>>> print(open('query.txt').read())   # compact mmCIF, C-alpha atoms
# COMPACT_ATOMS: atom_id res chain seq x y z
CA MET A 113 26.89 -9.67 -22.05
CA ARG A 114 29.64 -11.31 -19.99
CA CYS A 115 33.29 -11.35 -19.07
CA THR A 116 35.17 -14.23 -20.72
CA ALA A 117 38.42 -15.98 -19.95
CA ASN A 118 41.15 -15.73 -22.53
CA VAL A 119 40.53 -19.21 -23.83
CA ILE A 120 41.58 -20.30 -27.29
CA ILE A 121 38.88 -22.47 -28.76
CA SER A 122 39.25 -24.44 -31.95
CA LEU A 123 36.69 -23.48 -34.55
CA ALA A 124 36.59 -27.13 -35.46
CA LEU A 125 34.90 -27.77 -32.10
CA LEU A 126 32.51 -24.79 -32.26
CA ILE A 127 31.62 -24.77 -35.95
CA SER A 128 30.05 -28.00 -37.16
CA GLY A 129 28.05 -29.37 -40.05
CA ALA A 130 29.28 -27.67 -43.22
CA SER A 131 26.32 -26.03 -44.96
CA VAL A 132 25.53 -28.04 -48.11
CA ALA A 133 22.77 -26.86 -50.44
CA GLN A 134 19.58 -28.94 -50.27
CA ALA A 135 16.70 -29.06 -52.72
CA GLN A 136 14.41 -27.39 -50.14
CA LEU A 137 14.61 -26.23 -46.55
CA ALA A 138 14.36 -29.26 -44.22
CA ASN A 139 13.62 -29.97 -40.54
CA GLY A 140 12.28 -26.46 -39.93
CA GLY A 141 10.39 -27.67 -36.83
CA PHE A 142 13.58 -29.19 -35.30
CA GLU A 143 11.68 -32.33 -34.33
CA SER A 144 14.80 -34.22 -35.56
CA GLY A 145 17.10 -32.04 -33.47
CA LEU A 146 19.55 -29.98 -35.55
CA THR A 147 19.61 -32.42 -38.48
CA SER A 148 20.06 -30.50 -41.80
CA TRP A 149 21.38 -27.47 -39.87
CA SER A 150 25.01 -26.50 -39.26
CA SER A 151 26.02 -24.68 -36.07
CA ALA A 152 28.68 -22.43 -34.56
CA GLY A 153 29.17 -21.70 -30.86
CA THR A 154 26.67 -23.27 -28.46
CA THR A 155 23.42 -24.57 -29.98
CA SER A 156 20.95 -27.32 -29.15
CA SER A 157 17.31 -28.33 -29.49
CA GLY A 158 14.68 -29.20 -26.92
CA GLY A 159 11.42 -28.32 -25.22
CA ALA A 160 10.65 -26.07 -22.28
CA SER A 161 13.47 -26.01 -19.73
CA ALA A 162 15.44 -23.72 -17.45
CA THR A 163 17.58 -22.76 -20.46
CA THR A 164 14.48 -21.54 -22.32
CA ASN A 165 13.00 -19.86 -19.22
CA ASN A 166 10.39 -22.65 -19.45
CA ARG A 167 9.23 -21.30 -22.82
CA ALA A 168 7.50 -24.11 -24.77
CA PRO A 169 7.96 -24.54 -28.56
CA ILE A 170 5.52 -22.65 -30.75
CA GLU A 171 4.62 -25.96 -32.43
CA GLY A 172 5.49 -29.60 -31.83
CA SER A 173 7.69 -30.49 -28.87
CA VAL A 174 11.15 -29.23 -29.97
CA GLN A 175 12.67 -25.85 -30.79
CA ALA A 176 16.19 -24.67 -31.68
CA ILE A 177 18.09 -23.09 -28.79
CA ILE A 178 20.99 -20.72 -29.57
CA THR A 179 22.88 -19.67 -26.42
CA THR A 180 25.96 -17.63 -25.50
CA PRO A 181 27.43 -19.19 -22.32
CA ALA A 182 30.20 -17.35 -20.52
CA PHE A 183 33.94 -17.88 -21.10
CA SER A 184 34.08 -20.57 -23.80
CA GLY A 185 30.76 -21.02 -25.52
CA THR A 186 30.87 -18.49 -28.37
CA VAL A 187 32.89 -17.72 -31.47
CA SER A 188 34.26 -14.37 -32.56
CA GLN A 189 32.63 -11.88 -34.89
CA ALA A 190 34.96 -12.90 -37.72
CA ALA A 191 34.23 -16.60 -37.19
CA LEU A 192 30.48 -15.94 -37.25
CA GLU A 193 30.77 -13.92 -40.46
CA THR A 194 32.68 -16.75 -42.15
CA PHE A 195 30.21 -19.36 -40.88
CA LEU A 196 27.17 -17.42 -42.15
CA GLY A 197 28.76 -16.61 -45.55
CA LEU A 198 29.01 -12.88 -44.79
CA SER A 199 31.66 -10.41 -45.83
CA SER A 200 34.11 -9.19 -43.21
CA GLY A 201 32.58 -6.51 -40.99
CA ALA A 202 28.95 -7.44 -41.81
CA LEU A 203 28.25 -7.98 -38.07
CA SER A 204 30.14 -4.90 -36.82
CA SER A 205 26.90 -3.08 -35.99
CA LEU A 206 26.18 -5.79 -33.39
CA ASN A 207 29.55 -5.36 -31.66
CA ASN A 208 28.57 -2.05 -30.03
CA GLY A 209 30.78 -1.04 -27.17
CA GLY A 210 32.79 -4.27 -27.18
CA GLY A 211 36.29 -4.76 -28.41
CA ALA A 212 38.95 -7.34 -28.97
CA SER A 213 41.00 -5.79 -26.17
CA PHE A 214 38.77 -7.20 -23.42
CA ASN A 215 39.83 -10.85 -23.33
CA GLY A 216 37.81 -11.64 -26.43
CA GLY A 217 34.78 -10.44 -24.48
CA PHE A 218 32.34 -10.50 -27.41
CA GLY A 219 31.02 -13.06 -29.87
CA GLY A 220 28.06 -15.30 -30.48
CA SER A 221 26.47 -18.54 -31.63
CA ALA A 222 24.45 -19.40 -34.74
CA ILE A 223 22.77 -22.10 -36.84
CA ALA A 224 22.42 -22.05 -40.64
CA GLN A 225 21.03 -24.04 -43.57
CA THR A 226 21.61 -23.64 -47.33
CA PHE A 227 18.82 -24.63 -49.75
CA THR A 228 17.38 -23.99 -53.19
CA VAL A 229 14.61 -21.41 -53.70
CA GLN A 230 12.19 -21.07 -56.63
CA THR A 231 11.00 -17.70 -57.86
CA GLY A 232 8.37 -16.26 -55.54
CA ASP A 233 9.10 -18.57 -52.57
CA VAL A 234 8.94 -16.97 -49.11
CA ILE A 235 10.51 -17.97 -45.79
CA GLN A 236 8.45 -17.95 -42.59
CA PHE A 237 9.65 -18.58 -39.01
CA TYR A 238 8.99 -17.80 -35.33
CA TRP A 239 11.54 -16.43 -32.83
CA ASP A 240 11.77 -15.54 -29.14
CA PHE A 241 14.53 -13.42 -27.52
CA LEU A 242 15.55 -14.20 -23.92
CA PRO A 243 17.98 -11.39 -22.92
CA ASN A 244 18.52 -12.90 -19.44
CA GLY A 245 18.99 -9.44 -17.95
CA GLY A 246 20.33 -6.08 -19.07
CA GLY A 247 23.56 -4.18 -18.65
CA GLY A 248 25.71 -1.36 -19.88
CA THR A 249 26.13 -2.94 -23.33
CA VAL A 250 23.55 -4.14 -25.84
CA ASP A 251 23.17 -7.84 -26.71
CA SER A 252 21.20 -8.77 -29.83
CA VAL A 253 19.62 -11.57 -31.87
CA PHE A 254 19.43 -11.54 -35.67
CA PHE A 255 18.93 -13.55 -38.84
CA THR A 256 20.56 -13.39 -42.26
CA LEU A 257 19.07 -14.51 -45.58
CA HIS A 258 21.14 -14.06 -48.75
CA SER A 259 22.01 -15.70 -52.02
CA THR A 260 25.19 -17.78 -52.04
CA ALA A 261 26.12 -16.30 -55.42
CA SER A 262 28.08 -13.67 -53.43
CA PRO A 263 28.86 -13.11 -49.73
CA GLY A 264 26.17 -11.41 -47.73
CA ASN A 265 26.81 -7.98 -46.31
CA ALA A 266 25.40 -5.73 -43.58
CA SER A 267 22.18 -5.20 -45.59
CA THR A 268 21.40 -8.93 -45.41
CA VAL A 269 21.75 -8.99 -41.60
CA HIS A 270 18.35 -8.30 -39.99
CA LEU A 271 18.11 -7.38 -36.30
CA LEU A 272 15.25 -9.20 -34.56
CA SER A 273 15.65 -7.57 -31.10
CA ASN A 274 18.18 -6.40 -28.52
CA THR A 275 18.28 -5.64 -24.79
CA THR A 276 17.33 -2.02 -25.44
CA THR A 277 14.20 -2.61 -27.52
CA SER A 278 13.07 -5.54 -25.35
CA GLY A 279 13.60 -3.63 -22.13
CA GLY A 280 15.65 -6.54 -20.81
CA SER A 281 12.56 -8.83 -20.80
CA ASP A 282 11.60 -11.92 -22.85
CA THR A 283 9.82 -10.92 -26.05
CA GLY A 284 7.70 -14.06 -26.37
CA TYR A 285 7.42 -15.82 -29.73
CA GLN A 286 7.10 -13.44 -32.71
CA GLY A 287 6.41 -14.34 -36.37
CA TYR A 288 8.28 -13.24 -39.51
CA VAL A 289 7.56 -13.72 -43.26
CA SER A 290 10.13 -12.70 -45.89
CA PRO A 291 9.25 -10.93 -49.14
CA PRO A 292 9.08 -13.20 -52.26
CA LEU A 293 12.57 -14.37 -53.24
CA ALA A 294 14.26 -14.67 -56.63
CA ALA A 295 15.26 -18.18 -57.74
CA GLY A 296 18.64 -19.37 -56.49
CA THR A 297 20.52 -20.97 -53.63
CA TYR A 298 20.20 -19.18 -50.27
CA THR A 299 21.73 -19.41 -46.82
CA LEU A 300 19.39 -18.80 -43.89
CA GLY A 301 21.12 -18.21 -40.56
CA PHE A 302 20.00 -17.36 -37.03
CA GLY A 303 22.35 -15.95 -34.38
CA ALA A 304 22.68 -14.51 -30.87
CA TYR A 305 25.45 -11.98 -30.25
CA ASP A 306 26.86 -11.22 -26.79
CA VAL A 307 28.77 -8.00 -26.07
CA SER A 308 30.98 -7.24 -23.08
CA SER A 309 33.54 -4.50 -22.63
CA SER A 310 36.19 -3.48 -20.18
CA SER A 311 34.02 -0.50 -19.19
CA SER A 312 30.71 -2.44 -18.97
CA PRO A 313 31.36 -6.12 -18.15
CA ASP A 314 28.45 -8.31 -17.05
CA PHE A 315 27.22 -11.88 -17.23
CA ALA A 316 23.86 -11.61 -19.05
CA ASP A 317 24.04 -14.28 -21.78
CA PRO A 318 21.35 -13.79 -24.47
CA THR A 319 19.46 -16.78 -25.88
CA LEU A 320 17.50 -17.05 -29.17
CA LEU A 321 14.70 -19.62 -29.66
CA ILE A 322 13.69 -20.55 -33.25
CA ASP A 323 10.78 -22.75 -34.35
CA ALA A 324 8.37 -23.48 -37.23
CA VAL A 325 10.76 -22.45 -40.07
CA GLN A 326 9.01 -22.98 -43.44
CA GLN A 327 9.77 -22.50 -47.13
CA ILE A 328 6.45 -21.68 -48.78
CA PRO A 329 6.38 -22.14 -52.58
CA ALA A 330 5.16 -19.30 -54.78
CA GLY A 331 1.48 -19.38 -55.75
CA THR A 332 0.45 -21.53 -52.81
CA VAL A 333 -1.11 -20.57 -49.56
CA GLY A 334 0.85 -21.83 -46.65
CA SER A 335 -0.79 -23.62 -43.80
CA THR A 336 -2.09 -21.44 -41.04
CA GLY A 337 0.71 -20.70 -38.65
CA PRO A 338 0.33 -21.18 -34.97
CA THR A 339 -1.37 -18.45 -33.04
CA GLY A 340 1.15 -15.87 -31.97
CA PRO A 341 1.34 -14.67 -28.40
CA THR A 342 -1.01 -11.93 -27.30
CA GLY A 343 0.54 -8.53 -27.81
CA ASN A 344 0.82 -5.95 -25.09
CA THR A 345 -2.29 -3.95 -24.34
CA GLY A 346 -2.17 -0.63 -26.13
CA ALA A 347 -2.50 2.65 -24.30
CA THR A 348 -6.04 3.71 -23.42
CA GLY A 349 -7.44 6.01 -26.09
CA PRO A 350 -8.95 9.39 -25.19
CA ALA A 351 -12.52 9.41 -23.96
CA GLY A 352 -15.07 10.03 -26.69
CA ASN A 353 -17.47 12.96 -26.63
CA THR A 354 -20.57 12.53 -24.53
CA GLY A 355 -23.56 11.61 -26.69
CA ALA A 356 -26.72 13.67 -26.72
CA THR A 357 -29.18 12.97 -23.93
CA GLY A 358 -31.96 10.67 -25.11
CA PRO A 359 -35.64 11.55 -24.54
CA THR A 360 -37.10 10.78 -21.14
CA GLY A 361 -39.00 7.50 -21.18
CA ASP A 362 -42.58 7.14 -19.99
CA ASN A 363 -43.08 6.59 -16.30
CA GLY A 364 -43.59 2.96 -15.50
CA ALA A 365 -46.79 1.84 -13.83
CA THR A 366 -46.83 2.06 -10.05
CA GLY A 367 -46.40 -1.38 -8.56
CA PRO A 368 -48.92 -2.67 -6.01
CA ALA A 369 -48.30 -1.76 -2.40
CA GLY A 370 -46.69 -4.57 -0.46
CA ASN A 371 -48.44 -6.12 2.52
CA THR A 372 -47.76 -4.50 5.86
CA GLY A 373 -45.36 -6.59 7.80
CA ALA A 374 -46.33 -7.97 11.20
CA THR A 375 -45.54 -5.79 14.18
CA GLY A 376 -42.43 -7.03 15.86
CA SER A 377 -42.56 -8.03 19.49
CA THR A 378 -41.47 -5.56 22.12
CA GLY A 379 -37.97 -6.17 23.22
CA ASN A 380 -37.12 -6.94 26.81
CA THR A 381 -36.42 -4.01 29.09
CA GLY A 382 -32.72 -3.52 29.38
CA PRO A 383 -31.10 -3.82 32.81
CA ALA A 384 -30.94 -0.71 34.96
CA GLY A 385 -27.66 1.07 34.76
CA ALA A 386 -25.39 1.06 37.79
CA THR A 387 -25.85 3.88 40.31
CA GLY A 388 -23.29 6.57 39.78
CA ALA A 389 -20.78 7.37 42.51
CA VAL A 390 -21.72 10.02 45.09
CA GLY A 391 -20.17 13.32 44.21
CA PRO A 392 -17.80 15.03 46.68
CA GLN A 393 -19.27 17.29 49.39
CA GLY A 394 -19.17 20.96 48.53
CA SER A 395 -17.05 23.32 50.63
CA THR A 396 -18.69 25.23 53.52
CA GLY A 397 -20.06 28.56 52.42
CA PRO A 398 -18.96 31.81 54.17
CA ALA A 399 -20.76 32.86 57.40
CA GLY A 400 -23.67 35.24 56.82
CA ILE A 401 -23.72 38.79 58.25
CA PRO A 402 -25.45 38.86 61.70
CA GLY A 403 -29.02 40.03 61.47
CA ALA A 404 -30.16 43.27 63.09
CA THR A 405 -31.21 43.11 66.77
CA GLY A 406 -34.98 42.69 67.11
CA PRO A 407 -37.08 45.27 69.00
CA ALA A 408 -37.46 44.93 72.78
CA GLY A 409 -40.62 43.22 73.88
CA SER A 410 -43.38 45.25 75.57
CA THR A 411 -43.37 45.53 79.35
CA GLY A 412 -45.84 43.20 81.05
CA ASN A 413 -48.80 44.50 83.10
CA ASP A 414 -48.27 45.18 86.77
CA GLY A 415 -49.40 42.40 88.99
CA ALA A 416 -52.36 42.92 91.30
CA THR A 417 -51.60 44.40 94.77
CA GLY A 418 -51.78 41.78 97.42
CA ALA A 419 -54.47 42.07 100.14
CA THR A 420 -53.56 43.85 103.38
CA GLY A 421 -52.98 41.44 106.12
CA PRO A 422 -55.24 41.74 109.22
CA ALA A 423 -54.09 44.00 111.97
CA GLY A 424 -52.52 42.30 114.85
CA PRO A 425 -54.28 42.49 118.14
CA THR A 426 -53.46 45.38 120.30
CA GLY A 427 -50.87 44.42 122.74
CA PRO A 428 -51.20 45.23 126.31
CA THR A 429 -50.26 48.55 127.36
CA GLY A 430 -46.70 48.85 128.05
CA VAL A 431 -43.94 47.42 126.20
CA GLY A 432 -45.12 44.20 124.83
CA ALA A 433 -43.15 41.70 122.87
CA THR A 434 -42.88 42.40 119.15
CA GLY A 435 -45.29 40.34 117.17
CA PRO A 436 -44.18 38.13 114.34
CA THR A 437 -43.69 39.59 110.87
CA GLY A 438 -46.63 39.02 108.62
CA PRO A 439 -46.21 36.96 105.41
CA THR A 440 -44.80 38.71 102.36
CA GLY A 441 -47.42 39.69 99.89
CA PRO A 442 -47.06 38.84 96.15
CA GLU A 443 -44.50 40.86 94.16
CA SER A 444 -45.96 43.82 92.56
CA GLY A 445 -46.04 44.04 88.69
CA GLN A 446 -44.77 40.47 87.83
CA VAL A 447 -47.21 37.75 86.93
CA SER A 448 -46.43 34.12 85.97
CA GLY A 449 -45.08 33.85 82.33
CA SER A 450 -43.63 37.33 82.16
CA LEU A 451 -40.04 37.71 80.85
CA LEU A 452 -37.03 39.20 82.54
CA PHE A 453 -33.96 40.45 80.50
CA LEU A 454 -30.63 40.58 82.33
CA VAL A 455 -27.16 41.39 80.94
CA GLN A 456 -25.15 38.20 80.79
CA GLY A 457 -23.41 37.62 84.13
CA ALA A 458 -26.17 39.18 86.28
CA THR A 459 -27.89 36.90 88.86
CA PRO A 460 -31.66 36.56 88.35
CA PRO A 461 -33.98 36.66 91.35
CA SER A 462 -35.56 33.47 92.55
CA GLY A 463 -38.71 32.32 90.84
CA TYR A 464 -37.37 32.70 87.27
CA THR A 465 -36.30 30.07 84.70
CA PHE A 466 -33.65 30.68 81.97
CA VAL A 467 -35.17 30.31 78.44
CA GLY A 468 -32.50 31.79 76.08
CA ALA A 469 -30.25 34.69 75.09
CA THR A 470 -30.30 37.40 72.43
CA GLY A 471 -28.22 40.39 71.24
CA PHE A 472 -29.19 44.06 71.01
CA HIS A 473 -27.57 46.42 68.48
CA THR A 474 -26.21 49.44 70.28
CA GLY A 475 -24.35 51.30 67.52
CA GLY A 476 -20.97 51.00 65.74
CA THR A 477 -20.60 50.52 61.90
CA LYS A 478 -22.00 48.04 59.44
CA LYS A 479 -18.72 46.08 59.35
CA HIS A 480 -18.07 46.47 63.10
CA PRO A 481 -21.46 46.70 64.87
CA SER A 482 -21.71 47.13 68.71
CA GLU A 483 -24.14 44.95 70.65
CA ILE A 484 -24.86 43.54 74.09
CA ILE A 485 -25.95 39.99 74.88
CA VAL A 486 -28.77 39.51 77.45
CA ASN A 487 -30.19 36.39 79.05
CA ILE A 488 -33.96 35.89 79.00
CA TYR A 489 -35.77 34.46 82.06
CA ARG A 490 -39.50 33.54 82.42
CA LYS A 491 -41.48 34.07 85.63
CA ASN A 492 -42.58 30.73 87.11
>>> encode(input="query.txt", output="structure tokens")
Amino acid sequence: MRCTANVIISLALLISGASVAQAQLANGGFESGLTSWSSAGTTSSGGASATTNNRAPIEGSVQAIITTPAFSGTVSQAALETFLGLSSGALSSLNNGGGASFNGGFGGSAIAQTFTVQTGDVIQFYWDFLPNGGGGTVDSVFFTLHSTASPGNASTVHLLSNTTTSGGSDTGYQGYVSPPLAAGTYTLGFGAYDVSSSSSPDFADPTLLIDAVQQIPAGTVGSTGPTGPTGNTGATGPAGNTGATGPTGDNGATGPAGNTGATGSTGNTGPAGATGAVGPQGSTGPAGIPGATGPAGSTGNDGATGATGPAGPTGPTGVGATGPTGPTGPESGQVSGSLLFLVQGATPPSGYTFVGATGFHTGGTKKHPSEIIVNIYRKN
């Protein structure tokens, strides 16, 4: 499909090689180019190339190439019908969606050969459709095979493929064999038809490849044709029913026990892990409730009474001088090591050493106890 310029092209330039009946179809492998074939539009022969999407011939090294280049490379529907010996309108089914109003935006190219057929002969050939893209209109490739006794009509035009059935992709080479023919003179033509319209213009130019065209006489087996391309993989069939479970086989004999492997060597001791960081110091706990005041210690034994000093001598009669005071005897009731408790602030007597302090519970409540603090002194 393409948009074309409004170019007037002489059919004398695009239609060449008047079809003259031959005794039998010739040069069906196109190894001699398009010799024995007439052409209309743009046709050529050759091997794999960019024009053929690198598709190689199905046999030999040459194939026919029928193209529909944009703007000036095709002829009109009417010109194709005249070239192929068809009645007017025989190709109308191929001109779907096109129309003469769009700058002549439809037409095609073709090759043809006229030859004599004996009763029972069949025609065999291989074809490959290169749609070169898709679009809003439908391009097609076809062949026509009809007796020259009267013009062919729509029933003698056979569609090979179009952009709809091919999905816009190359079909690969496909084979065709005609039914047995009645004796007479026939025209065999191959064509590519390009459609473009004012509502769906595009530049996809279809190409048809033809190769290995043969006329096989009746009663003879033709040579084996080349292997056709592998067809697409069919859809996966549904899973079959599960077969019945077979009987359980006998247990196999127990194999001998393997030898015990050697004990592996002990691995090296891994390195000691790093010492973890010292955790933070915990917060100071609350002060405990003061303990109850202990009982007062027992009173020590009284010390021994010191000995009475000797009596002084009797002074002379009269008033004598007062004699000296005798030495002080040991304190009564306090021996060395005894303890003396004094309220804090009181002055201890001499001869005592401070050893500590303590509190005495004197009343109050559990939450607000009353107590006094005393100092403790030991007798030297």
>>> atom_distance(input="query.txt", atom1="atom CA of Pro181 of chain A", atom2="atom CA of Ser151 of chain A")
14.9 Å
>>> closest_residue(input="query.txt", among="A:Ala404, A:Asp362, A:Ser410, A:His258", to="Gly475 of chain A", atoms="all atoms listed in the file")
A:Ala404
>>> residues_around(input="query.txt", residues="Ala224 of chain A", least_positions_apart="6", cutoff="10 Å", atoms="all atoms listed in the file", output="list in words")
Gly129, Ala130, Ser131, Leu146, Ser148, Trp149, Ser150, Ser151, Ala152, Phe195, Leu196, Gly197, Phe255, Thr256, Leu257, Thr299, Leu300, Gly301, Phe302 and Gly303 of chain A
>>> closest_residue(input="query.txt", among="A:Glu143, A:Asp306, A:Asp233, A:Asp282", to="Thr186 of chain A", atoms="only C-alpha atoms")
A:Asp306
>>> residues_around(input="query.txt", residues="Thr297 of chain A", least_positions_apart="6", cutoff="10 Å", atoms="only C-alpha atoms", output="JSON list (two decimals) with C-alpha atoms, in the coordinates of the input")
[["chain", "number", "residue", "atom", "x", "y", "z"],
["A", 133, "ALA", "CA", 22.77, -26.86, -50.44],
["A", 134, "GLN", "CA", 19.58, -28.94, -50.27],
["A", 135, "ALA", "CA", 16.70, -29.06, -52.72],
["A", 136, "GLN", "CA", 14.41, -27.39, -50.14],
["A", 226, "THR", "CA", 21.61, -23.64, -47.33],
["A", 227, "PHE", "CA", 18.82, -24.63, -49.75],
["A", 228, "THR", "CA", 17.38, -23.99, -53.19],
["A", 229, "VAL", "CA", 14.61, -21.41, -53.70],
["A", 230, "GLN", "CA", 12.19, -21.07, -56.63],
["A", 258, "HIS", "CA", 21.14, -14.06, -48.75],
["A", 259, "SER", "CA", 22.01, -15.70, -52.02],
["A", 260, "THR", "CA", 25.19, -17.78, -52.04],
["A", 261, "ALA", "CA", 26.12, -16.30, -55.42]]
>>> atom_distance(input="query.txt", atom1="atom CA of Val174 of chain A", atom2="atom CA of Ser144 of chain A")
8.3 Å
>>> atom_distance(input="query.txt", atom1="atom CA of Val187 of chain A", atom2="atom CA of Ala304 of chain A")
10.7 Å
>>> closest_residue(input="query.txt", among="A:Ile401, A:Val234, A:Ile322, A:Thr360", to="Gly158 of chain A", atoms="all atoms listed in the file")
A:Ile322
>>> closest_residue(input="query.txt", among="A:Ser205, A:Ser252, A:Gln225, A:Thr381", to="Leu320 of chain A", atoms="all atoms listed in the file")
A:Ser252
>>> closest_residue(input="query.txt", among="A:Ile235, A:Gln327, A:Leu206, A:Arg167", to="Thr283 of chain A", atoms="all atoms listed in the file")
A:Arg167
>>> residues_around(input="query.txt", residues="Leu451 of chain A", least_positions_apart="2", cutoff="10 Å", atoms="only C-alpha atoms", output="mmCIF file with C-alpha atoms, keeping the file's coordinate frame")
data_model
loop_
_atom_site.group_PDB
_atom_site.id
_atom_site.type_symbol
_atom_site.label_atom_id
_atom_site.label_comp_id
_atom_site.auth_asym_id
_atom_site.auth_seq_id
_atom_site.Cartn_x
_atom_site.Cartn_y
_atom_site.Cartn_z
ATOM 1 C CA GLY A 409 -40.620 43.220 73.880
ATOM 2 C CA SER A 410 -43.380 45.250 75.570
ATOM 3 C CA THR A 411 -43.370 45.530 79.350
ATOM 4 C CA GLY A 412 -45.840 43.200 81.050
ATOM 5 C CA GLN A 446 -44.770 40.470 87.830
ATOM 6 C CA VAL A 447 -47.210 37.750 86.930
ATOM 7 C CA SER A 448 -46.430 34.120 85.970
ATOM 8 C CA GLY A 449 -45.080 33.850 82.330
ATOM 9 C CA PHE A 453 -33.960 40.450 80.500
ATOM 10 C CA LEU A 454 -30.630 40.580 82.330
ATOM 11 C CA TYR A 464 -37.370 32.700 87.270
ATOM 12 C CA THR A 465 -36.300 30.070 84.700
ATOM 13 C CA PHE A 466 -33.650 30.680 81.970
ATOM 14 C CA VAL A 467 -35.170 30.310 78.440
ATOM 15 C CA ILE A 488 -33.960 35.890 79.000
ATOM 16 C CA TYR A 489 -35.770 34.460 82.060
ATOM 17 C CA ARG A 490 -39.500 33.540 82.420
ATOM 18 C CA LYS A 491 -41.480 34.070 85.630
ATOM 19 C CA ASN A 492 -42.580 30.730 87.110
#
>>> residues_around(input="query.txt", residues="Trp239 of chain A", least_positions_apart="6", cutoff="7 Å", atoms="all atoms listed in the file", output="VMD selection string")
chain A and resid 285 to 287 321 to 323
>>> residues_around(input="query.txt", residues="Gln236 of chain A", least_positions_apart="5", cutoff="6 Å", atoms="only C-alpha atoms", output="list in words")
Tyr288, Val289, Val325 and Gln326 of chain A
>>> axis_aligned_box(input="query.txt", around="segment 173-185 of chain A", padding_each_side="6 Å", output="AutoDock Vina command-line options")
--center_x 20.9 --center_y -23.9 --center_z -26.1 --size_x 38.4 --size_y 25.1 --size_z 23.2
>>> closest_residue(input="query.txt", among="A:Thr164, A:Thr474, A:Thr372, A:Asn265", to="Asp240 of chain A", atoms="all atoms listed in the file")
A:Thr164
>>> decode(input="query.txt", residues="segment 136-140 of chain A", atoms="all heavy atoms", output="compact mmCIF listing (two decimals), in the first residue's frame")
# COMPACT_ATOMS: atom_id res chain seq x y z
N GLN A 136 5.40 -25.66 -24.86
CA GLN A 136 5.35 -26.08 -23.46
C GLN A 136 5.95 -24.97 -22.60
O GLN A 136 6.74 -24.15 -23.08
CB GLN A 136 6.13 -27.39 -23.26
CG GLN A 136 5.89 -28.04 -21.91
CD GLN A 136 6.49 -29.46 -21.84
OE1 GLN A 136 7.23 -29.85 -22.74
NE2 GLN A 136 6.16 -30.20 -20.80
N LEU A 137 5.53 -24.91 -21.36
CA LEU A 137 6.04 -23.88 -20.46
C LEU A 137 7.56 -23.94 -20.40
O LEU A 137 8.15 -25.02 -20.28
CB LEU A 137 5.44 -24.07 -19.06
CG LEU A 137 5.73 -22.96 -18.04
CD1 LEU A 137 4.52 -22.72 -17.15
CD2 LEU A 137 6.94 -23.31 -17.17
N ALA A 138 8.23 -22.78 -20.47
CA ALA A 138 9.69 -22.73 -20.53
C ALA A 138 10.25 -21.81 -19.45
O ALA A 138 9.58 -20.89 -18.98
CB ALA A 138 10.13 -22.24 -21.91
N ASN A 139 11.51 -22.07 -19.08
CA ASN A 139 12.26 -21.24 -18.13
C ASN A 139 11.48 -21.03 -16.82
O ASN A 139 11.42 -19.93 -16.28
CB ASN A 139 12.62 -19.88 -18.76
CG ASN A 139 13.61 -19.09 -17.91
OD1 ASN A 139 14.44 -19.65 -17.20
ND2 ASN A 139 13.52 -17.75 -17.97
N GLY A 140 10.91 -22.14 -16.30
CA GLY A 140 10.14 -22.03 -15.07
C GLY A 140 11.01 -21.81 -13.84
O GLY A 140 10.50 -21.41 -12.78
